[in-house]
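Asks: Sharing entry17.cif (mmCIF, C-alpha atoms) below.
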data_data
loop_
_atom_site.group_PDB
_atom_site.id
_atom_site.type_symbol
_atom_site.label_atom_id
_atom_site.label_comp_id
_atom_site.auth_asym_id
_atom_site.auth_seq_id
_atom_site.Cartn_x
_atom_site.Cartn_y
_atom_site.Cartn_z
ATOM 1 C CA MET A 1 1.028 21.111 -16.028
ATOM 2 C CA VAL A 2 2.256 24.691 -16.095
ATOM 3 C CA ASP A 3 1.946 25.050 -19.884
ATOM 4 C CA VAL A 4 -1.488 23.438 -20.040
ATOM 5 C CA SER A 5 -2.769 25.357 -17.010
ATOM 6 C CA ASN A 6 -1.603 28.700 -18.374
ATOM 7 C CA ARG A 7 -3.262 28.049 -21.723
ATOM 8 C CA VAL A 8 -6.520 27.216 -19.952
ATOM 9 C CA LEU A 9 -6.270 30.301 -17.733
ATOM 10 C CA ALA A 10 -5.880 32.473 -20.840
ATOM 11 C CA ARG A 11 -8.852 30.798 -22.508
ATOM 12 C CA HIS A 12 -10.959 31.543 -19.427
ATOM 13 C CA GLY A 13 -9.952 35.202 -19.555
ATOM 14 C CA ARG A 14 -7.781 35.036 -16.432
ATOM 15 C CA THR A 15 -4.659 37.146 -16.124
ATOM 16 C CA GLU A 16 -2.984 34.981 -13.451
ATOM 17 C CA ARG A 17 -0.247 32.615 -14.602
ATOM 18 C CA PHE A 18 1.894 29.842 -13.110
ATOM 19 C CA THR A 19 5.681 30.031 -13.321
ATOM 20 C CA TYR A 20 7.845 26.933 -13.636
ATOM 21 C CA GLU A 21 9.036 27.674 -10.087
ATOM 22 C CA ASP A 22 5.392 27.451 -8.976
ATOM 23 C CA GLY A 23 5.151 24.114 -10.756
ATOM 24 C CA ALA A 24 8.170 22.778 -8.877
ATOM 25 C CA LYS A 25 6.739 23.992 -5.568
ATOM 26 C CA LEU A 26 3.315 22.454 -6.231
ATOM 27 C CA TYR A 27 4.675 19.214 -7.697
ATOM 28 C CA GLY A 28 2.615 16.244 -6.547
ATOM 29 C CA SER A 29 -0.553 18.259 -5.909
ATOM 30 C CA LYS A 30 -3.834 17.415 -7.548
ATOM 31 C CA TRP A 31 -4.550 19.624 -10.528
ATOM 32 C CA TYR A 32 -7.426 21.496 -8.896
ATOM 33 C CA GLU A 33 -5.081 22.207 -5.957
ATOM 34 C CA TYR A 34 -2.805 24.117 -8.336
ATOM 35 C CA PHE A 35 -5.730 26.428 -9.066
ATOM 36 C CA GLU A 36 -6.703 26.559 -5.406
ATOM 37 C CA TRP A 37 -3.200 27.839 -4.672
ATOM 38 C CA LEU A 38 -3.207 30.374 -7.527
ATOM 39 C CA LEU A 39 -6.824 31.517 -7.074
ATOM 40 C CA PRO A 40 -7.574 31.158 -3.348
ATOM 41 C CA GLN A 41 -10.495 33.578 -3.567
ATOM 42 C CA GLU A 42 -12.369 31.286 -5.979
ATOM 43 C CA SER A 43 -14.528 28.262 -5.187
ATOM 44 C CA TYR A 44 -13.911 24.557 -5.664
ATOM 45 C CA ALA A 45 -16.398 24.700 -8.559
ATOM 46 C CA THR A 46 -14.101 27.151 -10.379
ATOM 47 C CA TRP A 47 -10.941 25.175 -9.630
ATOM 48 C CA SER A 48 -12.665 21.992 -10.782
ATOM 49 C CA ARG A 49 -13.914 23.624 -13.998
ATOM 50 C CA LEU A 50 -10.381 24.798 -14.818
ATOM 51 C CA GLN A 51 -9.020 21.347 -14.007
ATOM 52 C CA ASP A 52 -11.552 19.658 -16.311
ATOM 53 C CA ASP A 53 -10.565 22.004 -19.125
ATOM 54 C CA CYS A 54 -6.902 21.142 -18.481
ATOM 55 C CA PHE A 55 -7.607 17.425 -18.872
ATOM 56 C CA GLN A 56 -9.562 18.045 -22.082
ATOM 57 C CA THR A 57 -6.789 20.279 -23.417
ATOM 58 C CA SER A 58 -4.203 17.595 -22.600
ATOM 59 C CA GLU A 59 -6.112 14.994 -24.559
ATOM 60 C CA ARG A 60 -6.694 17.301 -27.545
ATOM 61 C CA ASP A 61 -3.184 18.754 -27.780
ATOM 62 C CA LEU A 62 -0.674 15.946 -27.413
ATOM 63 C CA ALA A 63 2.243 18.148 -28.463
ATOM 64 C CA LEU A 64 1.525 20.533 -25.598
ATOM 65 C CA GLN A 65 1.086 17.727 -23.078
ATOM 66 C CA CYS A 66 4.145 15.820 -24.205
ATOM 67 C CA ARG A 67 6.507 18.787 -24.573
ATOM 68 C CA TRP A 68 8.292 17.961 -21.312
ATOM 69 C CA LEU A 69 7.406 14.272 -21.120
ATOM 70 C CA ARG A 70 10.490 12.040 -20.874
ATOM 71 C CA PRO A 71 11.137 8.707 -19.189
ATOM 72 C CA THR A 72 12.861 9.108 -15.851
ATOM 73 C CA ASP A 73 16.574 8.348 -16.155
ATOM 74 C CA HIS A 74 17.259 4.585 -16.061
ATOM 75 C CA ALA A 75 13.521 3.714 -15.861
ATOM 76 C CA VAL A 76 13.586 1.423 -18.900
ATOM 77 C CA ALA A 77 16.760 -0.356 -17.741
ATOM 78 C CA VAL A 78 15.361 -0.935 -14.242
ATOM 79 C CA LEU A 79 11.974 -2.101 -15.518
ATOM 80 C CA SER A 80 13.760 -4.464 -17.923
ATOM 81 C CA ARG A 81 15.838 -5.989 -15.136
ATOM 82 C CA ILE A 82 12.759 -6.505 -12.989
ATOM 83 C CA ALA A 83 10.826 -8.009 -15.909
ATOM 84 C CA ALA A 84 13.688 -10.458 -16.524
ATOM 85 C CA HIS A 85 12.867 -12.272 -13.271
ATOM 86 C CA LYS A 86 10.637 -15.172 -14.310
ATOM 87 C CA ASP A 87 8.130 -14.742 -11.477
ATOM 88 C CA SER A 88 7.905 -10.958 -11.542
ATOM 89 C CA HIS A 89 4.691 -9.031 -12.149
ATOM 90 C CA GLN A 90 4.665 -5.271 -12.604
ATOM 91 C CA ILE A 91 1.649 -2.999 -12.386
ATOM 92 C CA LEU A 92 1.282 0.744 -12.726
ATOM 93 C CA VAL A 93 -1.188 2.638 -10.539
ATOM 94 C CA SER A 94 -1.408 6.331 -11.354
ATOM 95 C CA ASN A 95 -3.343 9.222 -9.869
ATOM 96 C CA THR A 96 -4.734 10.361 -13.225
ATOM 97 C CA LEU A 97 -7.463 9.740 -15.782
ATOM 98 C CA ALA A 98 -7.404 6.565 -17.875
ATOM 99 C CA ALA A 99 -7.048 8.511 -21.150
ATOM 100 C CA ASN A 100 -4.041 10.430 -19.821
ATOM 101 C CA LEU A 101 -2.432 7.301 -18.424
ATOM 102 C CA LYS A 102 -2.638 5.621 -21.831
ATOM 103 C CA ILE A 103 -1.006 8.664 -23.434
ATOM 104 C CA PHE A 104 1.801 8.691 -20.853
ATOM 105 C CA VAL A 105 2.532 4.971 -21.180
ATOM 106 C CA ASP A 106 2.463 5.033 -24.985
ATOM 107 C CA VAL A 107 4.533 8.220 -25.394
ATOM 108 C CA LEU A 108 7.131 7.065 -22.874
ATOM 109 C CA GLY A 109 7.427 3.666 -24.593
ATOM 110 C CA LEU A 110 6.422 1.695 -21.508
ATOM 111 C CA SER A 111 3.470 -0.278 -22.871
ATOM 112 C CA GLY A 112 5.657 -3.403 -23.095
ATOM 113 C CA PHE A 113 6.066 -3.307 -19.322
ATOM 114 C CA PHE A 114 2.527 -2.153 -18.566
ATOM 115 C CA PRO A 115 -0.072 -3.572 -20.970
ATOM 116 C CA GLU A 116 -3.646 -2.402 -20.429
ATOM 117 C CA SER A 117 -4.315 -5.218 -17.944
ATOM 118 C CA ALA A 118 -1.419 -4.018 -15.764
ATOM 119 C CA ARG A 119 -2.210 -0.307 -15.597
ATOM 120 C CA PHE A 120 -4.753 1.287 -13.337
ATOM 121 C CA ALA A 121 -5.862 4.912 -13.423
ATOM 122 C CA VAL A 122 -7.133 6.327 -10.150
ATOM 123 C CA ASP A 123 -8.793 9.678 -10.717
ATOM 124 C CA GLY A 124 -7.492 11.399 -7.613
ATOM 125 C CA HIS A 125 -8.260 14.851 -8.951
ATOM 126 C CA THR A 126 -11.632 15.250 -7.286
ATOM 127 C CA LEU A 127 -12.720 15.777 -3.689
ATOM 128 C CA GLY A 128 -14.730 12.546 -3.698
ATOM 129 C CA GLU A 129 -12.477 9.959 -5.290
ATOM 130 C CA ALA A 130 -14.204 6.934 -6.807
ATOM 131 C CA ALA A 131 -11.287 4.706 -5.871
ATOM 132 C CA THR A 132 -7.905 4.939 -4.179
ATOM 133 C CA LYS A 133 -4.538 3.378 -4.846
ATOM 134 C CA VAL A 134 -5.036 1.276 -1.708
ATOM 135 C CA GLU A 135 -8.306 -0.134 -3.021
ATOM 136 C CA VAL A 136 -6.834 -0.867 -6.445
ATOM 137 C CA VAL A 137 -3.799 -2.672 -5.027
ATOM 138 C CA ARG A 138 -5.852 -4.551 -2.449
ATOM 139 C CA THR A 139 -8.209 -5.800 -5.181
ATOM 140 C CA TYR A 140 -5.312 -6.712 -7.472
ATOM 141 C CA LEU A 141 -3.587 -8.738 -4.754
ATOM 142 C CA GLN A 142 -6.697 -10.724 -3.836
ATOM 143 C CA ASP A 143 -6.140 -14.441 -4.385
ATOM 144 C CA LYS A 144 -2.504 -13.864 -5.338
ATOM 145 C CA ALA A 145 0.562 -14.895 -3.373
ATOM 146 C CA TYR A 146 3.713 -13.003 -4.242
ATOM 147 C CA LYS A 147 6.948 -13.689 -2.408
ATOM 148 C CA ASP A 148 8.221 -10.098 -2.399
ATOM 149 C CA LEU A 149 6.402 -6.845 -3.001
ATOM 150 C CA VAL A 150 8.164 -3.661 -4.022
ATOM 151 C CA PHE A 151 6.429 -0.276 -4.204
ATOM 152 C CA ILE A 152 8.127 2.514 -6.124
ATOM 153 C CA GLY A 153 6.601 5.974 -6.221
ATOM 154 C CA ASP A 154 6.977 9.655 -5.509
ATOM 155 C CA SER A 155 4.057 10.261 -3.153
ATOM 156 C CA PRO A 156 2.946 9.432 0.401
ATOM 157 C CA SER A 157 0.011 7.439 -1.000
ATOM 158 C CA ASP A 158 2.488 5.194 -2.832
ATOM 159 C CA MET A 159 4.495 4.576 0.328
ATOM 160 C CA ARG A 160 1.376 3.761 2.365
ATOM 161 C CA LEU A 161 0.699 0.736 0.173
ATOM 162 C CA THR A 162 3.047 -1.337 2.321
ATOM 163 C CA ALA A 163 0.527 -0.985 5.154
ATOM 164 C CA ILE A 164 -1.947 -3.222 3.329
ATOM 165 C CA ALA A 165 0.472 -5.626 1.718
ATOM 166 C CA GLY A 166 3.860 -5.492 3.421
ATOM 167 C CA GLY A 167 6.880 -5.259 1.165
ATOM 168 C CA THR A 168 9.527 -2.602 0.589
ATOM 169 C CA SER A 169 8.885 1.014 -0.349
ATOM 170 C CA TYR A 170 11.117 3.274 -2.450
ATOM 171 C CA LEU A 171 10.341 6.978 -2.431
ATOM 172 C CA TYR A 172 11.751 8.555 -5.581
ATOM 173 C CA SER A 173 12.382 12.230 -6.277
ATOM 174 C CA HIS A 174 14.117 14.047 -9.108
ATOM 175 C CA ASP A 175 17.172 16.051 -8.081
ATOM 176 C CA GLU A 176 15.362 19.368 -8.402
ATOM 177 C CA PHE A 177 12.496 18.397 -6.084
ATOM 178 C CA PRO A 178 12.582 17.740 -2.342
ATOM 179 C CA PHE A 179 11.400 14.372 -1.097
ATOM 180 C CA ARG A 180 7.734 14.360 -0.142
ATOM 181 C CA GLU A 181 7.091 14.139 3.612
ATOM 182 C CA CYS A 182 6.369 10.493 4.439
ATOM 183 C CA GLU A 183 7.891 7.281 5.747
ATOM 184 C CA ALA A 184 9.691 5.029 3.266
ATOM 185 C CA ASN A 185 12.150 2.169 3.501
ATOM 186 C CA TYR A 186 14.425 3.926 1.021
ATOM 187 C CA LYS A 187 14.587 7.453 -0.379
ATOM 188 C CA ILE A 188 16.310 7.481 -3.755
ATOM 189 C CA ARG A 189 17.197 9.888 -6.555
ATOM 190 C CA ASP A 190 18.486 7.222 -8.928
ATOM 191 C CA LEU A 191 16.197 4.334 -9.878
ATOM 192 C CA ARG A 192 19.195 2.020 -10.159
ATOM 193 C CA GLU A 193 19.394 2.041 -6.354
ATOM 194 C CA ILE A 194 16.399 -0.317 -6.404
ATOM 195 C CA LEU A 195 18.508 -2.983 -8.114
ATOM 196 C CA LYS A 196 21.194 -2.723 -5.438
ATOM 197 C CA THR A 197 18.867 -3.338 -2.511
ATOM 198 C CA CYS A 198 16.161 -5.490 -4.111
ATOM 199 C CA ARG A 199 17.235 -8.889 -5.385
#
I'd like the structure from this file rewritten - as structure tokens, please.
Replies:
Amino acid sequence: MVDVSNRVLARHGRTERFTYEDGAKLYGSKWYEYFEWLLPQESYATWSRLQDDCFQTSERDLALQCRWLRPTDHAVAVLSRIAAHKDSHQILVSNTLAANLKIFVDVLGLSGFFPESARFAVDGHTLGEAATKVEVVRTYLQDKAYKDLVFIGDSPSDMRLTAIAGGTSYLYSHDEFPFRECEANYKIRDLREILKTCR
């Protein structure tokens, strides 16, 4: 986000720039909120315009978007173990645009776990969201009866999904980031912890 945002800022004739330390501090924010933080004197219209340009830049310049993109350590191994259970179903709900979600899944090599029918993009980067993760999960679970539900994510909105469906929540954070402020059944920094507590 830092690289893309700084390129867009330059293209718009702005002199302000994000540092990677800023990116770590703002991690988990919506993209327009990055610009709100950097340019507090500007309006939502400006932040939104910069955000839209960032999304367009991301789609046009895959090398720039994917420069830092790597699977989280042990993600493939954990997803494989979960998929090995005969009655398991995995879905991916992400707070991004559908085009970006497809890029992420394809580049990270996760399309085998999350085919198009199992991935849901929730554009949470606007003030008036068209849908929420809660609505997506609630709709997905309609007329389905799963024995155990497990929610893995890095945000409060991910952890709140247990409120509509029950289940167990795992709040994940990379070592360099603090855990987001929210309730979770487990707070983990290694995805393999899920396999120890979830059978």
Asks: Excluding Leu92 of chain A and any residue of its chain fewer than 2 positions from it, enumerate the residues within 7 Å of it, using all atoms listed in the file, and give them as a count of residues only.
Replies: 6
Asks: Using all atoms listed in the file, which protein or nucleic acid residues come within 7 Å of segment 46-51 of chain A? Drop anything in the same chain fewer than 5 positions from it, and give the result as an MDAnalysis selection string.
Replies: chainID A and resid 8 31:32 35:36
Asks: I'd like to see the residues matched by the PyMOL selection byres ((chain A and resi 113) around 8) on this file, and ideally I'd get them as a ChimeraX atom specification.
Replies: /A:79-80,83,90,110-112,114-115
Asks: I'd like to know which of A:Ala99, A:Ser5, A:Leu62, A:Glu16 is closest to Glu33 of chain A, using all atoms listed in the file.
Replies: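 Using all atoms listed in the file, Glu33 of chain A sits closest to A:Ser5.
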Asks: Translate the PyMOL selection byres ((chain A and resi 168) around 8), as applied to the file shown, into an explicit residue set as a ChimeraX atom specification.
Replies: /A:149-151,162,166-167,169-170,185
Asks: Rounded to one decimal place, report the atom CA of Val137 of chain A-atom CA of Asp52 of chain A distance in Å.
Replies: 26.2 Å
